[in-house]
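Structure data (mmCIF, C-alpha atoms and all ligand atoms; chains and numbers go by the auth columns) from target.cif:
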data_input
loop_
_atom_site.group_PDB
_atom_site.id
_atom_site.type_symbol
_atom_site.label_atom_id
_atom_site.label_comp_id
_atom_site.label_asym_id
_atom_site.label_seq_id
_atom_site.Cartn_x
_atom_site.Cartn_y
_atom_site.Cartn_z
_atom_site.B_iso_or_equiv
_atom_site.auth_seq_id
_atom_site.auth_asym_id
ATOM 1 C CA MET A 1 225.826 172.337 41.081 0.00 1 A
ATOM 2 C CA ILE A 2 224.569 173.930 44.293 0.00 2 A
ATOM 3 C CA ARG A 3 223.874 171.751 47.342 0.00 3 A
ATOM 4 C CA LEU A 4 222.065 172.789 50.505 0.00 4 A
ATOM 5 C CA CYS A 5 222.687 170.909 53.733 0.00 5 A
ATOM 6 C CA PRO A 6 220.594 172.014 56.703 0.00 6 A
ATOM 7 C CA SER A 7 222.319 171.540 60.055 0.00 7 A
ATOM 8 C CA ILE A 8 220.064 170.356 62.845 0.00 8 A
ATOM 9 C CA LEU A 9 222.308 171.852 65.537 0.00 9 A
ATOM 10 C CA ASN A 10 219.722 174.565 66.146 0.00 10 A
ATOM 11 C CA ALA A 11 216.707 172.338 65.573 0.00 11 A
ATOM 12 C CA ASN A 12 214.595 170.867 68.358 0.00 12 A
ATOM 13 C CA PHE A 13 216.507 167.682 69.317 0.00 13 A
ATOM 14 C CA ASP A 14 213.392 166.197 70.936 0.00 14 A
ATOM 15 C CA GLU A 15 211.473 166.355 67.680 0.00 15 A
ATOM 16 C CA LEU A 16 214.095 165.507 65.114 0.00 16 A
ATOM 17 C CA PRO A 17 211.955 163.450 62.721 0.00 17 A
ATOM 18 C CA ASN A 18 209.527 166.393 62.467 0.00 18 A
ATOM 19 C CA GLU A 19 212.349 168.882 62.091 0.00 19 A
ATOM 20 C CA ILE A 20 213.976 166.842 59.316 0.00 20 A
ATOM 21 C CA ALA A 21 210.621 166.420 57.571 0.00 21 A
ATOM 22 C CA LYS A 22 210.301 170.213 57.354 0.00 22 A
ATOM 23 C CA VAL A 23 213.353 170.461 55.082 0.00 23 A
ATOM 24 C CA ALA A 24 213.518 167.029 53.416 0.00 24 A
ATOM 25 C CA ARG A 25 211.817 167.947 50.144 0.00 25 A
ATOM 26 C CA VAL A 26 214.069 170.898 49.364 0.00 26 A
ATOM 27 C CA SER A 27 217.453 169.800 50.743 0.00 27 A
ATOM 28 C CA ASP A 28 220.270 167.695 49.336 0.00 28 A
ATOM 29 C CA LEU A 29 221.803 166.309 52.525 0.00 29 A
ATOM 30 C CA LEU A 30 221.218 166.497 56.245 0.00 30 A
ATOM 31 C CA HIS A 31 224.283 167.922 58.030 0.00 31 A
ATOM 32 C CA LEU A 32 224.867 166.236 61.385 0.00 32 A
ATOM 33 C CA ASP A 33 227.253 168.017 63.758 0.00 33 A
ATOM 34 C CA VAL A 34 228.892 165.602 66.165 0.00 34 A
ATOM 35 C CA MET A 35 230.779 167.331 68.995 0.00 35 A
ATOM 36 C CA ASP A 36 232.626 165.555 71.789 0.00 36 A
ATOM 37 C CA ASN A 37 233.383 168.364 74.253 0.00 37 A
ATOM 38 C CA LYS A 38 237.101 167.718 73.653 0.00 38 A
ATOM 39 C CA PHE A 39 237.884 168.886 70.131 0.00 39 A
ATOM 40 C CA VAL A 40 235.319 171.644 70.653 0.00 40 A
ATOM 41 C CA PRO A 41 233.849 172.990 73.935 0.00 41 A
ATOM 42 C CA ASN A 42 230.385 171.599 73.281 0.00 42 A
ATOM 43 C CA PHE A 43 228.714 168.193 73.176 0.00 43 A
ATOM 44 C CA THR A 44 225.925 167.135 70.848 0.00 44 A
ATOM 45 C CA PHE A 45 225.533 163.376 70.352 0.00 45 A
ATOM 46 C CA SER A 46 227.043 160.128 71.477 0.00 46 A
ATOM 47 C CA PHE A 47 227.836 157.713 68.666 0.00 47 A
ATOM 48 C CA GLU A 48 224.742 155.671 69.548 0.00 48 A
ATOM 49 C CA ARG A 49 222.452 158.676 69.268 0.00 49 A
ATOM 50 C CA ALA A 50 224.142 159.861 66.086 0.00 50 A
ATOM 51 C CA ARG A 51 223.637 156.421 64.584 0.00 51 A
ATOM 52 C CA GLU A 52 219.919 156.504 65.395 0.00 52 A
ATOM 53 C CA ILE A 53 219.579 159.865 63.670 0.00 53 A
ATOM 54 C CA ILE A 54 221.575 158.725 60.638 0.00 54 A
ATOM 55 C CA GLU A 55 219.601 155.511 60.224 0.00 55 A
ATOM 56 C CA GLY A 56 216.261 157.281 60.762 0.00 56 A
ATOM 57 C CA SER A 57 216.863 160.242 58.471 0.00 57 A
ATOM 58 C CA GLN A 58 214.781 160.688 55.332 0.00 58 A
ATOM 59 C CA LEU A 59 217.681 162.610 53.831 0.00 59 A
ATOM 60 C CA PRO A 60 221.148 161.215 53.130 0.00 60 A
ATOM 61 C CA VAL A 61 223.405 162.280 55.985 0.00 61 A
ATOM 62 C CA ASP A 62 226.585 164.359 55.827 0.00 62 A
ATOM 63 C CA VAL A 63 228.324 163.761 59.166 0.00 63 A
ATOM 64 C CA HIS A 64 230.621 166.525 60.429 0.00 64 A
ATOM 65 C CA LEU A 65 232.799 165.018 63.129 0.00 65 A
ATOM 66 C CA MET A 66 234.152 167.639 65.511 0.00 66 A
ATOM 67 C CA ILE A 67 235.811 164.979 67.644 0.00 67 A
ATOM 68 C CA ALA A 68 239.350 164.499 68.927 0.00 68 A
ATOM 69 C CA ASN A 69 241.453 161.477 67.995 0.00 69 A
ATOM 70 C CA ALA A 70 239.540 161.099 64.752 0.00 70 A
ATOM 71 C CA ASP A 71 241.844 158.354 63.428 0.00 71 A
ATOM 72 C CA LYS A 72 240.179 156.040 65.932 0.00 72 A
ATOM 73 C CA GLU A 73 236.954 157.764 66.992 0.00 73 A
ATOM 74 C CA ALA A 74 235.640 158.216 63.448 0.00 74 A
ATOM 75 C CA LEU A 75 235.795 154.508 62.643 0.00 75 A
ATOM 76 C CA PRO A 76 232.395 153.476 64.098 0.00 76 A
ATOM 77 C CA TYR A 77 230.736 155.928 61.708 0.00 77 A
ATOM 78 C CA LEU A 78 231.976 153.810 58.795 0.00 78 A
ATOM 79 C CA ASP A 79 229.440 151.177 59.839 0.00 79 A
ATOM 80 C CA THR A 80 226.493 153.554 59.531 0.00 80 A
ATOM 81 C CA SER A 81 224.588 154.552 56.411 0.00 81 A
ATOM 82 C CA ALA A 82 226.024 158.091 56.386 0.00 82 A
ATOM 83 C CA VAL A 83 226.905 159.031 52.812 0.00 83 A
ATOM 84 C CA SER A 84 229.616 161.549 53.662 0.00 84 A
ATOM 85 C CA ILE A 85 232.029 161.686 56.577 0.00 85 A
ATOM 86 C CA THR A 86 234.030 164.807 57.381 0.00 86 A
ATOM 87 C CA VAL A 87 236.922 164.736 59.827 0.00 87 A
ATOM 88 C CA HIS A 88 238.948 167.708 60.996 0.00 88 A
ATOM 89 C CA PHE A 89 242.499 168.016 59.761 0.00 89 A
ATOM 90 C CA GLU A 90 243.453 169.274 63.223 0.00 90 A
ATOM 91 C CA ALA A 91 242.076 166.103 64.852 0.00 91 A
ATOM 92 C CA CYS A 92 243.879 163.497 62.727 0.00 92 A
ATOM 93 C CA GLU A 93 247.347 162.075 63.068 0.00 93 A
ATOM 94 C CA ASP A 94 247.241 160.369 59.690 0.00 94 A
ATOM 95 C CA PRO A 95 244.512 162.012 57.620 0.00 95 A
ATOM 96 C CA LEU A 96 245.474 160.203 54.410 0.00 96 A
ATOM 97 C CA SER A 97 244.936 156.740 55.917 0.00 97 A
ATOM 98 C CA LEU A 98 241.626 157.754 57.481 0.00 98 A
ATOM 99 C CA LEU A 99 240.293 159.358 54.291 0.00 99 A
ATOM 100 C CA THR A 100 241.358 156.334 52.270 0.00 100 A
ATOM 101 C CA GLU A 101 239.503 154.053 54.687 0.00 101 A
ATOM 102 C CA ILE A 102 236.346 156.222 54.549 0.00 102 A
ATOM 103 C CA ARG A 103 236.327 155.950 50.761 0.00 103 A
ATOM 104 C CA LYS A 104 237.062 152.253 50.822 0.00 104 A
ATOM 105 C CA ARG A 105 233.896 151.822 52.876 0.00 105 A
ATOM 106 C CA GLY A 106 231.815 153.469 50.155 0.00 106 A
ATOM 107 C CA LYS A 107 231.411 156.923 51.675 0.00 107 A
ATOM 108 C CA ARG A 108 232.420 160.345 50.528 0.00 108 A
ATOM 109 C CA ALA A 109 235.602 161.341 52.336 0.00 109 A
ATOM 110 C CA ALA A 110 235.971 164.929 53.471 0.00 110 A
ATOM 111 C CA ILE A 111 238.370 167.043 55.484 0.00 111 A
ATOM 112 C CA ALA A 112 237.450 170.165 57.448 0.00 112 A
ATOM 113 C CA LEU A 113 239.682 173.114 58.251 0.00 113 A
ATOM 114 C CA LYS A 114 239.224 175.447 61.205 0.00 114 A
ATOM 115 C CA PRO A 115 239.482 179.148 60.307 0.00 115 A
ATOM 116 C CA GLY A 116 243.104 179.315 61.504 0.00 116 A
ATOM 117 C CA THR A 117 244.352 176.297 59.531 0.00 117 A
ATOM 118 C CA GLY A 118 246.020 177.133 56.221 0.00 118 A
ATOM 119 C CA ILE A 119 244.760 175.559 53.033 0.00 119 A
ATOM 120 C CA ASP A 120 248.263 174.486 51.984 0.00 120 A
ATOM 121 C CA GLU A 121 248.184 171.881 54.769 0.00 121 A
ATOM 122 C CA ILE A 122 245.799 169.715 52.756 0.00 122 A
ATOM 123 C CA LYS A 123 247.195 170.072 49.261 0.00 123 A
ATOM 124 C CA ASP A 124 248.723 166.581 49.282 0.00 124 A
ATOM 125 C CA LEU A 125 245.372 165.104 50.308 0.00 125 A
ATOM 126 C CA LEU A 126 243.449 166.373 47.278 0.00 126 A
ATOM 127 C CA PRO A 127 243.363 163.053 45.371 0.00 127 A
ATOM 128 C CA ALA A 128 241.877 161.358 48.466 0.00 128 A
ATOM 129 C CA LEU A 129 239.114 163.932 48.986 0.00 129 A
ATOM 130 C CA ASP A 130 235.492 164.025 47.857 0.00 130 A
ATOM 131 C CA MET A 131 234.840 167.276 49.700 0.00 131 A
ATOM 132 C CA ILE A 132 236.748 170.087 51.397 0.00 132 A
ATOM 133 C CA LEU A 133 234.953 171.843 54.257 0.00 133 A
ATOM 134 C CA VAL A 134 236.227 175.348 54.921 0.00 134 A
ATOM 135 C CA MET A 135 234.797 176.432 58.282 0.00 135 A
ATOM 136 C CA THR A 136 233.487 179.980 58.209 0.00 136 A
ATOM 137 C CA VAL A 137 233.179 180.149 62.024 0.00 137 A
ATOM 138 C CA GLU A 138 235.152 178.538 64.845 0.00 138 A
ATOM 139 C CA PRO A 139 233.563 175.087 65.160 0.00 139 A
ATOM 140 C CA GLY A 140 231.487 174.434 68.266 0.00 140 A
ATOM 141 C CA PHE A 141 228.305 176.468 68.122 0.00 141 A
ATOM 142 C CA GLY A 142 225.543 177.483 65.768 0.00 142 A
ATOM 143 C CA GLY A 143 224.423 181.063 65.316 0.00 143 A
ATOM 144 C CA GLN A 144 227.878 182.648 64.984 0.00 144 A
ATOM 145 C CA LYS A 145 228.919 185.401 62.583 0.00 145 A
ATOM 146 C CA PHE A 146 230.229 184.435 59.136 0.00 146 A
ATOM 147 C CA MET A 147 233.993 185.075 58.847 0.00 147 A
ATOM 148 C CA SER A 148 234.493 186.692 55.460 0.00 148 A
ATOM 149 C CA GLU A 149 238.255 186.724 56.089 0.00 149 A
ATOM 150 C CA VAL A 150 238.225 182.989 55.310 0.00 150 A
ATOM 151 C CA MET A 151 237.166 183.631 51.687 0.00 151 A
ATOM 152 C CA PRO A 152 240.735 183.649 50.300 0.00 152 A
ATOM 153 C CA LYS A 153 240.969 180.009 51.445 0.00 153 A
ATOM 154 C CA VAL A 154 237.778 179.129 49.607 0.00 154 A
ATOM 155 C CA LYS A 155 239.132 180.846 46.490 0.00 155 A
ATOM 156 C CA ALA A 156 242.433 178.988 46.734 0.00 156 A
ATOM 157 C CA ALA A 157 240.649 175.661 47.116 0.00 157 A
ATOM 158 C CA ARG A 158 238.384 176.453 44.143 0.00 158 A
ATOM 159 C CA LYS A 159 241.461 177.190 42.021 0.00 159 A
ATOM 160 C CA TRP A 160 243.133 173.899 42.960 0.00 160 A
ATOM 161 C CA LEU A 161 239.999 171.907 42.256 0.00 161 A
ATOM 162 C CA ASP A 162 239.384 173.556 38.885 0.00 162 A
ATOM 163 C CA GLU A 163 242.971 173.545 37.719 0.00 163 A
ATOM 164 C CA GLY A 164 243.851 170.141 39.137 0.00 164 A
ATOM 165 C CA GLY A 165 241.020 168.289 37.432 0.00 165 A
ATOM 166 C CA PHE A 166 239.145 167.598 40.698 0.00 166 A
ATOM 167 C CA GLY A 167 235.795 168.680 39.333 0.00 167 A
ATOM 168 C CA ASP A 168 233.910 166.029 41.338 0.00 168 A
ATOM 169 C CA THR A 169 235.229 167.279 44.665 0.00 169 A
ATOM 170 C CA TRP A 170 232.702 169.419 46.493 0.00 170 A
ATOM 171 C CA LEU A 171 233.669 172.628 48.306 0.00 171 A
ATOM 172 C CA GLN A 172 231.572 173.169 51.416 0.00 172 A
ATOM 173 C CA VAL A 173 231.279 176.131 53.767 0.00 173 A
ATOM 174 C CA ASP A 174 229.804 175.873 57.256 0.00 174 A
ATOM 175 C CA GLY A 175 229.001 178.608 59.755 0.00 175 A
ATOM 176 C CA GLY A 176 227.103 181.870 59.526 0.00 176 A
ATOM 177 C CA ILE A 177 225.567 181.100 56.136 0.00 177 A
ATOM 178 C CA ASN A 178 222.401 183.155 55.665 0.00 178 A
ATOM 179 C CA LEU A 179 220.568 185.187 53.032 0.00 179 A
ATOM 180 C CA GLU A 180 223.264 187.903 53.208 0.00 180 A
ATOM 181 C CA THR A 181 226.415 185.769 53.239 0.00 181 A
ATOM 182 C CA ILE A 182 225.643 182.930 50.831 0.00 182 A
ATOM 183 C CA SER A 183 226.418 185.061 47.779 0.00 183 A
ATOM 184 C CA THR A 184 229.851 185.970 49.150 0.00 184 A
ATOM 185 C CA ALA A 185 230.682 182.295 49.722 0.00 185 A
ATOM 186 C CA THR A 186 229.354 181.316 46.292 0.00 186 A
ATOM 187 C CA LYS A 187 231.410 184.011 44.566 0.00 187 A
ATOM 188 C CA ALA A 188 234.508 182.688 46.332 0.00 188 A
ATOM 189 C CA GLY A 189 233.794 179.260 44.837 0.00 189 A
ATOM 190 C CA ALA A 190 231.789 177.254 47.377 0.00 190 A
ATOM 191 C CA ASP A 191 229.139 174.924 45.946 0.00 191 A
ATOM 192 C CA THR A 192 227.876 173.113 49.062 0.00 192 A
ATOM 193 C CA PHE A 193 226.345 175.083 51.922 0.00 193 A
ATOM 194 C CA VAL A 194 225.559 174.207 55.513 0.00 194 A
ATOM 195 C CA ALA A 195 222.937 176.384 57.134 0.00 195 A
ATOM 196 C CA GLY A 196 221.694 175.918 60.677 0.00 196 A
ATOM 197 C CA SER A 197 220.165 178.734 62.660 0.00 197 A
ATOM 198 C CA VAL A 198 218.871 180.683 59.671 0.00 198 A
ATOM 199 C CA VAL A 199 216.841 177.620 58.685 0.00 199 A
ATOM 200 C CA PHE A 200 215.580 176.269 61.995 0.00 200 A
ATOM 201 C CA ASN A 201 214.968 179.600 63.707 0.00 201 A
ATOM 202 C CA SER A 202 212.599 180.474 60.878 0.00 202 A
ATOM 203 C CA PRO A 203 208.873 179.654 60.857 0.00 203 A
ATOM 204 C CA ASP A 204 209.385 178.441 57.263 0.00 204 A
ATOM 205 C CA PRO A 205 212.566 176.306 57.132 0.00 205 A
ATOM 206 C CA ALA A 206 211.889 174.966 53.622 0.00 206 A
ATOM 207 C CA GLY A 207 211.279 178.478 52.300 0.00 207 A
ATOM 208 C CA VAL A 208 214.645 179.607 53.675 0.00 208 A
ATOM 209 C CA ILE A 209 216.413 176.697 51.960 0.00 209 A
ATOM 210 C CA GLU A 210 214.702 177.594 48.679 0.00 210 A
ATOM 211 C CA ASN A 211 215.726 181.227 49.017 0.00 211 A
ATOM 212 C CA LEU A 212 219.315 180.291 49.813 0.00 212 A
ATOM 213 C CA ARG A 213 219.415 178.021 46.772 0.00 213 A
ATOM 214 C CA GLN A 214 218.104 180.786 44.508 0.00 214 A
ATOM 215 C CA LEU A 215 220.672 183.263 45.812 0.00 215 A
ATOM 216 C CA ALA A 216 223.538 180.824 45.238 0.00 216 A
ATOM 217 C CA ALA A 217 222.244 179.825 41.802 0.00 217 A
ATOM 218 C CA ALA A 218 222.080 183.475 40.787 0.00 218 A
ATOM 219 C CA VAL A 219 225.860 183.717 41.325 0.00 219 A
ATOM 220 C CA LYS A 220 226.894 180.403 39.751 0.00 220 A
HETATM 221 C C1 LIG B . 229.388 174.761 63.884 0.00 301 B
HETATM 222 C C2 LIG B . 228.686 173.695 63.085 0.00 301 B
HETATM 223 C C3 LIG B . 227.729 174.210 62.087 0.00 301 B
HETATM 224 C C4 LIG B . 226.564 174.975 62.664 0.00 301 B
HETATM 225 C C5 LIG B . 226.137 175.960 61.652 0.00 301 B
HETATM 226 O O1 LIG B . 230.452 174.210 64.563 0.00 301 B
HETATM 227 O O2 LIG B . 229.633 172.915 62.372 0.00 301 B
HETATM 228 O O3 LIG B . 227.280 173.190 61.204 0.00 301 B
HETATM 229 O O4 LIG B . 225.462 174.181 62.974 0.00 301 B
HETATM 230 O O5 LIG B . 225.170 176.760 62.236 0.00 301 B
HETATM 231 P P1 LIG B . 224.874 178.232 61.705 0.00 301 B
HETATM 232 O O6 LIG B . 224.374 178.096 60.310 0.00 301 B
HETATM 233 O O7 LIG B . 223.886 178.742 62.671 0.00 301 B
HETATM 234 O O8 LIG B . 226.197 178.981 61.751 0.00 301 B
HETATM 235 ZN ZN ZN B . 228.924 171.532 60.785 0.00 302 B
#
Target format structure tokens, applied to this file:
Amino acid sequence: MIRLCPSILNANFDELPNEIAKVARVSDLLHLDVMDNKFVPNFTFSFERAREIIEGSQLPVDVHLMIANADKEALPYLDTSAVSITVHFEACEDPLSLLTEIRKRGKRAAIALKPGTGIDEIKDLLPALDMILVMTVEPGFGGQKFMSEVMPKVKAARKWLDEGGFGDTWLQVDGGINLETISTATKAGADTFVAGSVVFNSPDPAGVIENLRQLAAAVK
């Protein structure tokens, strides 16, 4: 199954309900990028603001936490209605405990890997994961170029999931996904796609999502 998750990082933050409404009918999840200016050199939302967006969203929310000290700082998000919470492997001291807690609180538990982090680092975590996020840019900013050199990691993750009987675990890619790159990521084995600037810089955000979905479906 193909899932499309528009990222509002490049949307108009002052008009979020309108921006979300533009994509709601054709999207699976809303991808919310939380940045703390510590784990990444950019800041997006405080927890309070993120909570408002999560609770007000017409779409179920996939929260991507690019925040340091995730073992502690991710915990308030467990009290929101987010359906999926992604923490960075590089930001956790004890990822297994945090992922277990996320699941215990009824949310999908996901781990993200920066481009430089090897996939083998998370092999032991597989049974605790509902989604793996392989970053296809350095986290921090929208509008960057897709890193095709990360595709071997996506392929390795796909192989583990298929061969290990983890068919319910989603494999997400985030960064530089557009009408040219989505096929490459799908061929490597991704099934869940974040797309930011290509969607919200377009005059027809819903049309872009539909086109992306068709391109991915043509590969699957
Ligand atoms: C980058 C964020 C992405 C970003 C994607 O750190 O995690 O979700 O919004 O934006 P595009 O699609 O423009 O690369
Ligand atoms: Zn993201």
Exercise. For ligand LIG 301 (chain B), which of A:Pro41, A:Gly140, A:Gly207, A:Gly118 is the closest residue, counting all atoms listed in the file?
Worked result: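 Once distances to ligand LIG 301 (chain B) are computed over all atoms listed in the file, the minimum belongs to A:Gly140.
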Exercise. Which residue out of A:Phe89, A:Phe47, A:Phe141, A:Trp160 has the minimum interatomic distance to ligand LIG 301 (chain B) when only C-alpha atoms and all ligand atoms are used?
Worked result: A:Phe141
For this session: For Glu90 of chain A, work out the shell of residues within 12 Å, counting only C-alpha atoms and skipping chain neighbours fewer than 6 positions away, then give it as a ChimeraX atom specification.
Result: /A:39-40,65-71,111-118,121-122,139
Problem set entry | Selected residue, from A:Leu99, A:Ala109, A:Ile53, A:Leu179, that lies nearest to Ser81 of chain A when counting all atoms listed in the file |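 So, comparing all the options, the nearest one is A:Ile53.
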For this session: Between atom CA of Phe166 of chain A and atom CA of Leu29 of chain A, measure the distance and give it in Å to one decimal.
Result: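 Distance reported for this atom pair: 21.0 Å.
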For this session: For ligand LIG 301 (chain B), collect every residue having any atom at a distance of at most 7 Å from a ligand atom (counting only C-alpha atoms and all ligand atoms); output as a list of chain:residue names.
Result: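 Those within range of ligand LIG 301 (chain B) are A:Ser7, A:Ile8, A:Leu9, A:Asn10, A:His31, A:Asp33, A:His64, A:Val137, A:Glu138, A:Pro139, A:Gly140, A:Phe141, A:Gly142, A:Gly143, A:Gln144, A:Asp174, A:Gly175, A:Gly176, A:Ile177, A:Val194, A:Ala195, A:Gly196, A:Ser197, A:Val198.
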Exercise. Which residues match the PyMOL selection byres (((chain A and resi 106) around 12) and not hetatm) in the file above, as a list in words?
Worked result: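 Output from the PyMOL selection byres (((chain A and resi 106) around 12) and not hetatm), applied to this file: Tyr77, Leu78, Asp79, Thr80, Ser81, Ala82, Val83, Ser84, Ile85, Leu99, Thr100, Glu101, Ile102, Arg103, Lys104, Arg105, Lys107, Arg108, Ala109 and Asp130 of chain A.
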For this session: For atom CA of Ala217 of chain A and atom CA of Pro152 of chain A, determine how far apart the two atoms are, in Å to one decimal place.
Result: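 Those two atoms sit 20.7 Å apart.
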For this session: Rounded to one decimal place, report the atom CA of Val219 of chain A-atom CA of Ile2 of chain A distance in Å.
Result: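 Answer for the atom CA of Val219 of chain A to atom CA of Ile2 of chain A separation: 10.3 Å.
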Residue neighbourhood Ala24 of chain A, 10 Å, all atoms listed in the file, exclusion window fewer than 2 positions, as a PDB file with C-alpha atoms, in the frame of the given file:
ATOM      1  CA  CYS A   5     222.687 170.909  53.733  1.00  0.00           C
ATOM      2  CA  PRO A   6     220.594 172.014  56.703  1.00  0.00           C
ATOM      3  CA  ASN A  18     209.527 166.393  62.467  1.00  0.00           C
ATOM      4  CA  GLU A  19     212.349 168.882  62.091  1.00  0.00           C
ATOM      5  CA  ILE A  20     213.976 166.842  59.316  1.00  0.00           C
ATOM      6  CA  ALA A  21     210.621 166.420  57.571  1.00  0.00           C
ATOM      7  CA  LYS A  22     210.301 170.213  57.354  1.00  0.00           C
ATOM      8  CA  VAL A  26     214.069 170.898  49.364  1.00  0.00           C
ATOM      9  CA  SER A  27     217.453 169.800  50.743  1.00  0.00           C
ATOM     10  CA  ASP A  28     220.270 167.695  49.336  1.00  0.00           C
ATOM     11  CA  LEU A  29     221.803 166.309  52.525  1.00  0.00           C
ATOM     12  CA  LEU A  30     221.218 166.497  56.245  1.00  0.00           C
ATOM     13  CA  SER A  57     216.863 160.242  58.471  1.00  0.00           C
ATOM     14  CA  GLN A  58     214.781 160.688  55.332  1.00  0.00           C
ATOM     15  CA  LEU A  59     217.681 162.610  53.831  1.00  0.00           C
ATOM     16  CA  PRO A  60     221.148 161.215  53.130  1.00  0.00           C
ATOM     17  CA  ALA A 206     211.889 174.966  53.622  1.00  0.00           C
TER      18      ALA A 206
END
Exercise. So which one's closest to ligand ZN 302 (chain B), A:Leu125, A:Leu32, A:Ile182, A:Leu161? Using all atoms listed in the file, please.
Worked result: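 Smallest separation from ligand ZN 302 (chain B) among the options: A:Leu32.
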Given the file shown, enumerate the residues that the PyMOL selection byres (((chain A and resi 44) around 7) and not hetatm) captures and present them as a short mmCIF file (atom, residue, chain, number, x, y, z; two decimals) with C-alpha atoms, keeping the file's coordinate frame.
data_model
loop_
_atom_site.label_atom_id
_atom_site.label_comp_id
_atom_site.auth_asym_id
_atom_site.auth_seq_id
_atom_site.Cartn_x
_atom_site.Cartn_y
_atom_site.Cartn_z
CA VAL A 34 228.89 165.60 66.17
CA MET A 35 230.78 167.33 69.00
CA ASP A 36 232.63 165.56 71.79
CA ASN A 42 230.38 171.60 73.28
CA PHE A 43 228.71 168.19 73.18
CA PHE A 45 225.53 163.38 70.35
#
